[in-house]
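S.K.: Pasting coords.cif here (mmCIF, C-alpha atoms):
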```cif
data_coords
#
loop_
_atom_site.label_atom_id
_atom_site.label_comp_id
_atom_site.auth_asym_id
_atom_site.auth_seq_id
_atom_site.Cartn_x
_atom_site.Cartn_y
_atom_site.Cartn_z
CA MET D 1333 -54.92 -17.81 -8.47
CA SER D 1334 -52.25 -20.47 -8.95
CA LYS D 1335 -49.39 -19.62 -11.27
CA ILE D 1336 -47.86 -22.24 -13.57
CA SER D 1337 -44.54 -21.45 -15.21
CA LEU D 1338 -43.89 -23.26 -18.47
CA VAL D 1339 -40.19 -23.61 -19.23
CA ILE D 1340 -39.70 -23.99 -22.99
CA PRO D 1341 -36.18 -24.69 -24.33
CA CYS D 1342 -35.88 -23.49 -27.93
CA TYR D 1343 -33.33 -24.22 -30.61
CA ASN D 1344 -34.36 -23.13 -34.11
CA GLU D 1345 -38.07 -23.23 -33.26
CA GLU D 1346 -39.14 -20.08 -35.13
CA ALA D 1347 -41.97 -21.83 -37.00
CA ASN D 1348 -43.28 -23.66 -33.94
CA ILE D 1349 -43.48 -20.79 -31.44
CA PRO D 1350 -46.78 -19.24 -32.72
CA LEU D 1351 -48.49 -22.65 -32.89
CA PHE D 1352 -47.23 -23.56 -29.44
CA THR D 1353 -48.47 -20.30 -27.92
CA GLU D 1354 -51.93 -20.80 -29.46
CA ALA D 1355 -52.11 -24.32 -28.04
CA ILE D 1356 -51.12 -23.11 -24.56
CA THR D 1357 -53.69 -20.31 -24.69
CA ALA D 1358 -56.41 -22.84 -25.52
CA VAL D 1359 -55.37 -25.03 -22.57
CA GLU D 1360 -55.29 -22.05 -20.20
CA ARG D 1361 -58.94 -21.30 -21.01
CA GLU D 1362 -59.81 -24.79 -19.76
CA MET D 1363 -58.09 -24.20 -16.40
CA PRO D 1364 -60.01 -21.58 -14.39
CA GLY D 1365 -58.16 -20.20 -11.41
CA VAL D 1366 -54.79 -20.70 -13.08
CA THR D 1367 -52.51 -18.23 -14.83
CA PHE D 1368 -49.60 -19.20 -17.06
CA GLU D 1369 -46.12 -17.80 -17.31
CA LEU D 1370 -44.22 -18.77 -20.47
CA VAL D 1371 -40.45 -18.80 -19.98
CA PHE D 1372 -38.76 -19.38 -23.34
CA VAL D 1373 -35.03 -20.15 -23.38
CA ASP D 1374 -33.34 -19.51 -26.72
CA ASP D 1375 -30.40 -21.90 -26.81
CA GLY D 1376 -28.30 -19.99 -29.35
CA SER D 1377 -30.68 -20.51 -32.27
CA ALA D 1378 -29.39 -19.88 -35.79
CA ASP D 1379 -32.79 -18.86 -37.19
CA ALA D 1380 -35.16 -16.03 -36.20
CA THR D 1381 -36.27 -17.67 -32.93
CA LEU D 1382 -34.95 -14.76 -30.85
CA SER D 1383 -36.75 -12.18 -33.00
CA ALA D 1384 -39.98 -14.13 -32.64
CA LEU D 1385 -39.56 -14.22 -28.87
CA ARG D 1386 -38.89 -10.48 -28.72
CA GLY D 1387 -42.11 -9.76 -30.57
CA LEU D 1388 -44.10 -12.25 -28.55
CA SER D 1389 -42.81 -10.83 -25.28
CA LYS D 1390 -43.98 -7.34 -26.23
CA ALA D 1391 -47.40 -8.58 -27.38
CA ASP D 1392 -48.12 -11.04 -24.54
CA SER D 1393 -47.52 -10.15 -20.89
CA ARG D 1394 -47.30 -13.84 -19.98
CA VAL D 1395 -44.16 -14.31 -22.05
CA ARG D 1396 -40.60 -13.96 -20.78
CA TYR D 1397 -37.46 -15.11 -22.54
CA LEU D 1398 -33.74 -15.66 -22.09
CA SER D 1399 -31.24 -15.92 -24.92
CA PHE D 1400 -27.86 -17.65 -24.56
CA SER D 1401 -24.64 -16.28 -26.00
CA ARG D 1402 -24.24 -19.57 -27.90
CA ASN D 1403 -25.68 -23.07 -27.99
CA PHE D 1404 -25.11 -24.60 -24.54
CA GLY D 1405 -27.45 -27.57 -24.98
CA LYS D 1406 -30.91 -28.49 -23.78
CA GLU D 1407 -29.74 -29.40 -20.27
CA ALA D 1408 -28.41 -25.87 -19.74
CA ALA D 1409 -31.60 -24.39 -21.22
CA MET D 1410 -33.80 -26.38 -18.84
CA PHE D 1411 -31.68 -25.36 -15.85
CA ALA D 1412 -31.80 -21.68 -16.86
CA GLY D 1413 -35.57 -21.83 -17.35
CA LEU D 1414 -36.18 -23.50 -13.99
CA LYS D 1415 -34.02 -20.84 -12.37
CA ALA D 1416 -35.95 -18.01 -14.04
CA ALA D 1417 -39.44 -19.42 -13.41
CA THR D 1418 -41.50 -17.67 -10.74
CA GLY D 1419 -44.62 -19.86 -10.65
CA ASP D 1420 -46.04 -21.95 -7.83
CA TYR D 1421 -45.76 -24.93 -10.17
CA ILE D 1422 -43.22 -25.36 -12.95
CA ALA D 1423 -43.56 -27.47 -16.09
CA LEU D 1424 -40.91 -28.38 -18.65
CA ILE D 1425 -42.28 -28.65 -22.18
CA ASP D 1426 -40.88 -28.59 -25.72
CA ALA D 1427 -41.96 -26.00 -28.27
CA ASP D 1428 -42.34 -28.50 -31.13
CA LEU D 1429 -45.67 -29.82 -29.76
CA GLN D 1430 -44.30 -33.34 -29.35
CA HIS D 1431 -45.21 -32.81 -25.71
CA PRO D 1432 -49.02 -32.45 -25.87
CA PRO D 1433 -50.17 -29.33 -23.96
CA ALA D 1434 -53.55 -31.01 -23.47
CA LEU D 1435 -51.98 -33.07 -20.66
CA LEU D 1436 -51.30 -29.98 -18.52
CA PRO D 1437 -54.71 -30.03 -16.73
CA GLU D 1438 -54.23 -33.69 -15.79
CA MET D 1439 -50.71 -32.97 -14.54
CA TYR D 1440 -51.92 -30.02 -12.49
CA ALA D 1441 -54.70 -32.12 -10.96
CA ALA D 1442 -52.24 -34.88 -10.04
CA ILE D 1443 -50.27 -32.38 -7.95
CA THR D 1444 -53.03 -30.22 -6.46
CA GLU D 1445 -55.73 -32.87 -5.95
CA GLU D 1446 -53.89 -36.20 -5.68
CA GLY D 1447 -50.97 -34.94 -3.60
CA PHE D 1448 -48.08 -35.80 -5.93
CA ASP D 1449 -44.95 -33.62 -6.05
CA CYS D 1450 -44.42 -34.26 -9.74
CA ALA D 1451 -46.52 -35.33 -12.71
CA ALA D 1452 -44.23 -36.72 -15.42
CA THR D 1453 -44.90 -38.20 -18.82
CA ARG D 1454 -43.56 -41.31 -20.52
CA ARG D 1455 -43.91 -42.39 -24.10
CA ILE D 1456 -45.58 -45.77 -24.46
CA SER D 1457 -44.68 -46.01 -28.15
CA ARG D 1458 -41.87 -44.84 -30.39
CA ARG D 1459 -43.94 -44.63 -33.56
CA GLY D 1460 -42.22 -42.64 -36.27
CA GLU D 1461 -38.78 -43.06 -34.71
CA PRO D 1462 -36.00 -45.01 -36.50
CA LYS D 1463 -35.99 -48.63 -35.34
CA ILE D 1464 -32.28 -48.68 -34.51
CA ARG D 1465 -32.71 -45.58 -32.35
CA SER D 1466 -35.66 -47.14 -30.51
CA PHE D 1467 -33.69 -50.36 -29.99
CA PHE D 1468 -30.71 -48.62 -28.42
CA ALA D 1469 -32.98 -46.36 -26.33
CA ARG D 1470 -34.66 -49.38 -24.75
CA LYS D 1471 -31.29 -51.03 -24.14
CA PHE D 1472 -29.99 -47.86 -22.51
CA TYR D 1473 -32.82 -47.72 -19.97
CA ARG D 1474 -32.36 -51.40 -19.18
CA LEU D 1475 -28.60 -50.99 -18.74
CA VAL D 1476 -28.67 -47.82 -16.63
CA ASN D 1477 -31.27 -49.29 -14.28
CA LYS D 1478 -29.12 -52.38 -13.75
CA ILE D 1479 -25.89 -50.55 -12.95
CA SER D 1480 -27.30 -47.53 -11.11
CA GLN D 1481 -29.24 -47.13 -7.87
CA THR D 1482 -31.19 -44.27 -9.45
CA GLU D 1483 -34.19 -45.62 -11.36
CA ILE D 1484 -34.94 -44.04 -14.73
CA ILE D 1485 -38.30 -45.02 -16.21
CA ASP D 1486 -38.24 -46.43 -19.74
CA GLY D 1487 -39.73 -43.88 -22.11
CA ALA D 1488 -39.49 -41.04 -19.58
CA THR D 1489 -39.46 -37.57 -21.13
CA ASP D 1490 -38.49 -34.14 -19.84
CA TYR D 1491 -42.15 -33.12 -20.05
CA ARG D 1492 -43.29 -32.85 -16.44
CA MET D 1493 -44.85 -30.51 -13.89
CA MET D 1494 -43.28 -30.06 -10.46
CA THR D 1495 -43.90 -28.27 -7.21
CA ARG D 1496 -41.73 -25.34 -6.24
CA GLN D 1497 -40.14 -27.47 -3.50
CA MET D 1498 -38.99 -30.10 -5.99
CA VAL D 1499 -37.68 -27.50 -8.42
CA ASP D 1500 -35.68 -25.84 -5.65
CA ALA D 1501 -34.15 -29.24 -4.84
CA ILE D 1502 -33.12 -29.70 -8.49
CA LEU D 1503 -31.67 -26.18 -8.67
CA SER D 1504 -29.53 -26.93 -5.63
CA LEU D 1505 -27.67 -29.48 -7.79
CA GLU D 1506 -25.47 -27.10 -9.74
CA GLU D 1507 -23.26 -29.70 -11.39
CA TYR D 1508 -21.86 -28.81 -14.81
CA ASN D 1509 -22.42 -32.22 -16.43
CA ARG D 1510 -26.17 -32.55 -16.13
CA PHE D 1511 -28.44 -35.49 -16.90
CA SER D 1512 -31.85 -34.24 -15.85
CA LYS D 1513 -33.75 -37.52 -16.18
CA GLY D 1514 -31.46 -38.91 -13.51
CA LEU D 1515 -31.57 -35.76 -11.38
CA PHE D 1516 -35.38 -35.78 -11.34
CA SER D 1517 -35.27 -39.31 -9.95
CA TRP D 1518 -32.32 -38.73 -7.62
CA VAL D 1519 -33.96 -35.88 -5.66
CA GLY D 1520 -36.88 -38.15 -4.83
CA PHE D 1521 -40.41 -36.78 -4.26
CA SER D 1522 -43.55 -38.64 -5.28
CA THR D 1523 -44.17 -38.83 -9.03
CA LYS D 1524 -47.23 -39.80 -11.05
CA TRP D 1525 -46.43 -41.16 -14.50
CA ILE D 1526 -48.77 -40.21 -17.32
CA PRO D 1527 -48.43 -42.27 -20.55
CA PHE D 1528 -48.88 -40.80 -24.02
CA GLU D 1529 -48.36 -41.84 -27.63
CA ASN D 1530 -45.34 -40.52 -29.52
CA ILE D 1531 -46.26 -37.41 -31.54
CA PRO D 1532 -44.25 -36.22 -34.57
CA ARG D 1533 -42.88 -32.68 -34.72
CA VAL D 1534 -45.10 -30.06 -36.31
CA HIS D 1535 -42.23 -28.29 -38.10
CA GLY D 1536 -38.54 -28.93 -38.53
CA GLU D 1537 -36.40 -31.92 -37.68
CA THR D 1538 -35.11 -33.29 -34.41
CA LYS D 1539 -31.83 -31.78 -33.20
CA TRP D 1540 -30.78 -35.11 -31.71
CA SER D 1541 -28.65 -37.29 -33.97
CA PHE D 1542 -27.85 -40.90 -33.14
CA TRP D 1543 -24.35 -39.99 -31.96
CA SER D 1544 -25.50 -37.05 -29.86
CA LEU D 1545 -27.99 -39.36 -28.14
CA PHE D 1546 -25.24 -41.96 -27.67
CA SER D 1547 -23.00 -39.33 -26.05
CA TYR D 1548 -25.90 -38.17 -23.88
CA SER D 1549 -26.54 -41.75 -22.73
CA LEU D 1550 -22.86 -42.08 -21.75
CA ASP D 1551 -23.22 -38.90 -19.70
CA GLY D 1552 -26.18 -40.46 -17.91
CA ILE D 1553 -24.31 -43.67 -17.12
CA ILE D 1554 -21.22 -41.85 -15.86
CA ALA D 1555 -23.27 -39.35 -13.84
CA PHE D 1556 -25.24 -41.96 -11.90
CA SER D 1557 -23.07 -45.06 -11.69
CA VAL D 1558 -19.50 -46.00 -10.80
CA ARG D 1559 -20.16 -49.60 -11.80
CA PRO D 1560 -18.16 -49.25 -15.08
CA LEU D 1561 -15.06 -48.62 -12.96
CA ALA D 1562 -15.74 -51.81 -11.01
CA ILE D 1563 -16.22 -53.69 -14.28
CA SER D 1564 -12.87 -52.47 -15.59
CA SER D 1565 -11.22 -53.60 -12.34
CA LEU D 1566 -12.87 -57.00 -12.77
CA PHE D 1567 -11.40 -57.26 -16.26
CA GLY D 1568 -7.96 -56.62 -14.77
CA ILE D 1569 -8.39 -59.35 -12.15
CA LEU D 1570 -9.64 -61.86 -14.73
CA PHE D 1571 -6.71 -61.21 -17.05
CA CYS D 1572 -4.24 -61.58 -14.20
CA PHE D 1573 -5.85 -64.93 -13.40
CA PHE D 1574 -5.70 -66.09 -17.02
CA ALA D 1575 -2.07 -64.97 -17.26
CA LEU D 1576 -1.13 -67.02 -14.20
CA LEU D 1577 -3.09 -70.00 -15.52
CA GLY D 1578 -1.38 -69.76 -18.89
CA SER D 1579 2.05 -69.47 -17.29
CA ALA D 1580 1.41 -72.56 -15.17
CA PHE D 1581 0.27 -74.46 -18.27
CA ILE D 1582 3.48 -73.57 -20.13
CA VAL D 1583 5.71 -74.57 -17.20
CA VAL D 1584 3.92 -77.91 -16.71
CA ARG D 1585 4.04 -78.68 -20.43
CA TRP D 1586 7.76 -77.93 -20.53
CA LEU D 1587 8.48 -80.08 -17.46
CA ILE D 1588 6.50 -83.08 -18.76
CA PHE D 1589 7.10 -82.93 -22.49
CA GLY D 1590 10.18 -80.72 -22.68
CA ASP D 1591 8.42 -78.65 -25.32
CA PRO D 1592 7.27 -75.06 -24.83
CA VAL D 1593 3.95 -74.07 -26.38
CA ALA D 1594 4.40 -73.09 -30.01
CA GLY D 1595 2.31 -70.70 -32.04
CA TRP D 1596 3.19 -67.04 -32.50
CA ALA D 1597 -0.15 -66.27 -34.22
CA SER D 1598 -2.22 -67.21 -31.17
CA THR D 1599 0.19 -65.26 -28.96
CA VAL D 1600 -0.22 -62.13 -31.08
CA CYS D 1601 -4.02 -62.47 -30.98
CA ILE D 1602 -3.98 -62.79 -27.20
CA ILE D 1603 -1.70 -59.76 -26.87
CA LEU D 1604 -3.92 -57.65 -29.13
CA PHE D 1605 -7.06 -58.74 -27.29
CA ALA D 1606 -5.53 -57.98 -23.89
CA THR D 1607 -4.30 -54.61 -25.14
CA GLY D 1608 -7.76 -53.77 -26.43
CA ILE D 1609 -9.30 -54.57 -23.05
CA GLN D 1610 -6.69 -52.40 -21.34
CA LEU D 1611 -7.43 -49.47 -23.64
CA PHE D 1612 -11.16 -49.97 -23.13
CA CYS D 1613 -10.74 -49.86 -19.34
CA THR D 1614 -8.44 -46.84 -19.64
CA GLY D 1615 -11.14 -45.13 -21.72
CA ILE D 1616 -13.73 -45.76 -18.99
CA LEU D 1617 -11.41 -44.26 -16.40
CA GLY D 1618 -10.69 -41.36 -18.75
CA GLN D 1619 -14.39 -40.52 -19.03
CA TYR D 1620 -14.71 -40.19 -15.26
CA VAL D 1621 -11.50 -38.15 -15.05
CA ALA D 1622 -12.71 -35.87 -17.88
CA LYS D 1623 -16.06 -35.23 -16.17
CA SER D 1624 -14.30 -34.49 -12.88
CA TYR D 1625 -11.92 -32.15 -14.74
CA LEU D 1626 -14.84 -30.19 -16.22
CA GLU D 1627 -16.49 -29.93 -12.82
CA THR D 1628 -13.33 -28.56 -11.18
CA LYS D 1629 -13.13 -25.77 -13.77
CA ASN D 1630 -16.30 -24.36 -12.18
CA ARG D 1631 -17.44 -22.82 -15.44
CA PRO D 1632 -21.01 -21.46 -15.61
CA ILE D 1633 -23.62 -23.83 -16.99
CA TYR D 1634 -24.77 -21.12 -19.42
CA ILE D 1635 -24.20 -17.46 -20.29
CA THR D 1636 -27.19 -15.18 -20.91
CA LYS D 1637 -26.75 -12.63 -23.69
CA GLU D 1638 -30.23 -11.13 -23.57
CA SER D 1639 -33.46 -11.47 -21.60
CA SER D 1640 -36.87 -9.86 -21.45
CA ASP D 1641 -36.23 -8.92 -17.82
CA SER D 1642 -33.34 -6.66 -18.83
CA GLU D 1643 -35.37 -4.64 -21.33
#
```
Mind turning the file's structure into structure tokens?
M.R.:
Amino acid sequence: MSKISLVIPCYNEEANIPLFTEAITAVEREMPGVTFELVFVDDGSADATLSALRGLSKADSRVRYLSFSRNFGKEAAMFAGLKAATGDYIALIDADLQHPPALLPEMYAAITEEGFDCAATRRISRRGEPKIRSFFARKFYRLVNKISQTEIIDGATDYRMMTRQMVDAILSLEEYNRFSKGLFSWVGFSTKWIPFENIPRVHGETKWSFWSLFSYSLDGIIAFSVRPLAISSLFGILFCFFALLGSAFIVVRWLIFGDPVAGWASTVCIILFATGIQLFCTGILGQYVAKSYLETKNRPIYITKESSDSE
């Protein structure tokens, strides 16, 4: 019997947990020779998610859970779940049913029959998503693939099944600032991409606002590329060149015409523009310094308050 561990990050998913468990049970019936382990990670939910997991754990031997002391974020929840999983194969899946459980048999077959190390999913449409969010998401993937050596597939989701060997490789990367889409690609291993249509949530609303996604995208760029630092250095070189060119122009004009360049308004605009570029470049450097600062603190990625294993 092969054992598949499903790692399910949860944040205020009380209403979705029963529906999700029913859907997984139906899929398990279609996969003879396979047993499931359900590892729920409660990421500091404010509703009754933890109570639902306690009851489910007592009623269903397949179910295990961890509960954080506060909300540490989905990245921490995924890392904790991967660390707690005991299966031969491990799958990351959301509890809101936006990741269709019906794809699990195909993912399992891709690994066990086709020889892939990972079966990952990518959304081929963003139906139901705000247009501005979809626009910036596509631009992010295009940008990060241009400035980074780590390829991140457009539309890639966290929903994937991996071999134990690949999961162990990911767990060996214990960095505090995590961007899992990049880490999955960085560790290598052969991956089969399975497309699927975007599916709306069954209950509740997404926890990702536009600004939280924007911050997350910045984390991804900083984590897998130092090109922004090179760009800021290039800005500095260009402005030095323009400053020398402008100085030469003023000297030549004074020598020929005996008249320095007039115009305080244009000078002020140039100063403000140059200052803005300097602050922008300083901000880029500050982001890298801040991430390094957080890493050197060596704080834990998460803190577990309660788990089914401790009962």
S.K.: For the structure shown, which residues end up in the PyMOL selection byres ((chain D and resi 1499) around 12)? Put them as number ranges by chain, please?
M.R.: D: 1337, 1339, 1410-1424, 1449-1450, 1492-1498, 1500-1505, 1512, 1515-1516, 1519-1521
S.K.: Using the chain letters and numbers from the file, which residues does the PyMOL selection byres ((chain D and resi 1436) around 12) grab, as a PyMOL selection string?
M.R.: chain D and resi 1336-1338+1355-1363+1366+1368+1421-1425+1431-1435+1437-1443+1450-1453+1491-1494+1526
S.K.: Could you work out how far CA of Ser1564 (chain D) lies from CA of Tyr1620 (chain D), giving the answer in Å with one decimal?
M.R.: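 Computed distance, CA of Tyr1620 (chain D) to CA of Ser1564 (chain D), equals 12.4 Å.
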S.K.: Residues within 9 Å of region 1393-1403 of chain D, please, as a ChimeraX atom specification. Count all atoms listed in the file; anything in the same chain fewer than 4 positions from it doesn't count.
M.R.: /D:1343,1367-1377,1382,1385-1386,1388-1389,1409,1412-1413,1416,1634-1641
S.K.: Would you save the residues of that selection, restricted to C-alpha atoms, as a compact mmCIF listing (two decimals), in the frame of the given file?
M.R.:
```
# COMPACT_ATOMS: atom_id res chain seq x y z
CA TYR D 1343 -33.33 -24.22 -30.61
CA THR D 1367 -52.51 -18.23 -14.83
CA PHE D 1368 -49.60 -19.20 -17.06
CA GLU D 1369 -46.12 -17.80 -17.31
CA LEU D 1370 -44.22 -18.77 -20.47
CA VAL D 1371 -40.45 -18.80 -19.98
CA PHE D 1372 -38.76 -19.38 -23.34
CA VAL D 1373 -35.03 -20.15 -23.38
CA ASP D 1374 -33.34 -19.51 -26.72
CA ASP D 1375 -30.40 -21.90 -26.81
CA GLY D 1376 -28.30 -19.99 -29.35
CA SER D 1377 -30.68 -20.51 -32.27
CA LEU D 1382 -34.95 -14.76 -30.85
CA LEU D 1385 -39.56 -14.22 -28.87
CA ARG D 1386 -38.89 -10.48 -28.72
CA LEU D 1388 -44.10 -12.25 -28.55
CA SER D 1389 -42.81 -10.83 -25.28
CA ALA D 1409 -31.60 -24.39 -21.22
CA ALA D 1412 -31.80 -21.68 -16.86
CA GLY D 1413 -35.57 -21.83 -17.35
CA ALA D 1416 -35.95 -18.01 -14.04
CA TYR D 1634 -24.77 -21.12 -19.42
CA ILE D 1635 -24.20 -17.46 -20.29
CA THR D 1636 -27.19 -15.18 -20.91
CA LYS D 1637 -26.75 -12.63 -23.69
CA GLU D 1638 -30.23 -11.13 -23.57
CA SER D 1639 -33.46 -11.47 -21.60
CA SER D 1640 -36.87 -9.86 -21.45
CA ASP D 1641 -36.23 -8.92 -17.82
```
S.K.: Do you know which residues the PyMOL selection byres ((chain D and resi 1633) around 7) returns on this file, as a list of chain:residue names?
M.R.: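 So the PyMOL selection byres ((chain D and resi 1633) around 7), applied here, picks out D:Ala1408, D:Tyr1508, D:Arg1631, D:Pro1632, D:Tyr1634.
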S.K.: Of the candidates D:Ile1563, D:Leu1617, D:Leu1577, D:Ala1622, which shows the shortest atom-to-atom distance to Asn1509 (chain D), using only C-alpha atoms?
M.R.: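 Residue with the minimum atom-to-atom distance to Asn1509 (chain D): D:Ala1622.
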S.K.: Grab the CA of Leu1429 (chain D) to CA of Arg1454 (chain D) distance for me, in Å with one decimal place.
M.R.: 14.9 Å
S.K.: Mind giving me the straight-line distance from CA of Phe1574 (chain D) to CA of Cys1613 (chain D) in Å, one decimal?
M.R.: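 Value for the CA of Phe1574 (chain D)-CA of Cys1613 (chain D) distance: 17.2 Å.
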S.K.: Choose the residue, out of D:Lys1513, D:Phe1571, D:Gly1618, D:Asp1379, that has the smallest atom-to-atom separation from Ile1603 (chain D); count all atoms listed in the file.
M.R.: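 Of all the options, D:Phe1571 lies closest to Ile1603 (chain D).
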S.K.: From the list D:Glu1529, D:Asn1344, D:Ala1391, D:Ala1606, which residue is nearest Ala1378 (chain D) when using only C-alpha atoms?
M.R.: D:Asn1344
S.K.: Given 3 Å on each side, where is the centre and what are the edge lengths in Å to one decimal of the axis-aligned box enclosing the listed atoms of region 1391-1398 of chain D, as lines of an AutoDock Vina configuration file?
M.R.:
```
center_x = -40.9
center_y = -12.1
center_z = -23.7
size_x = 20.4
size_y = 13.1
size_z = 13.4
```
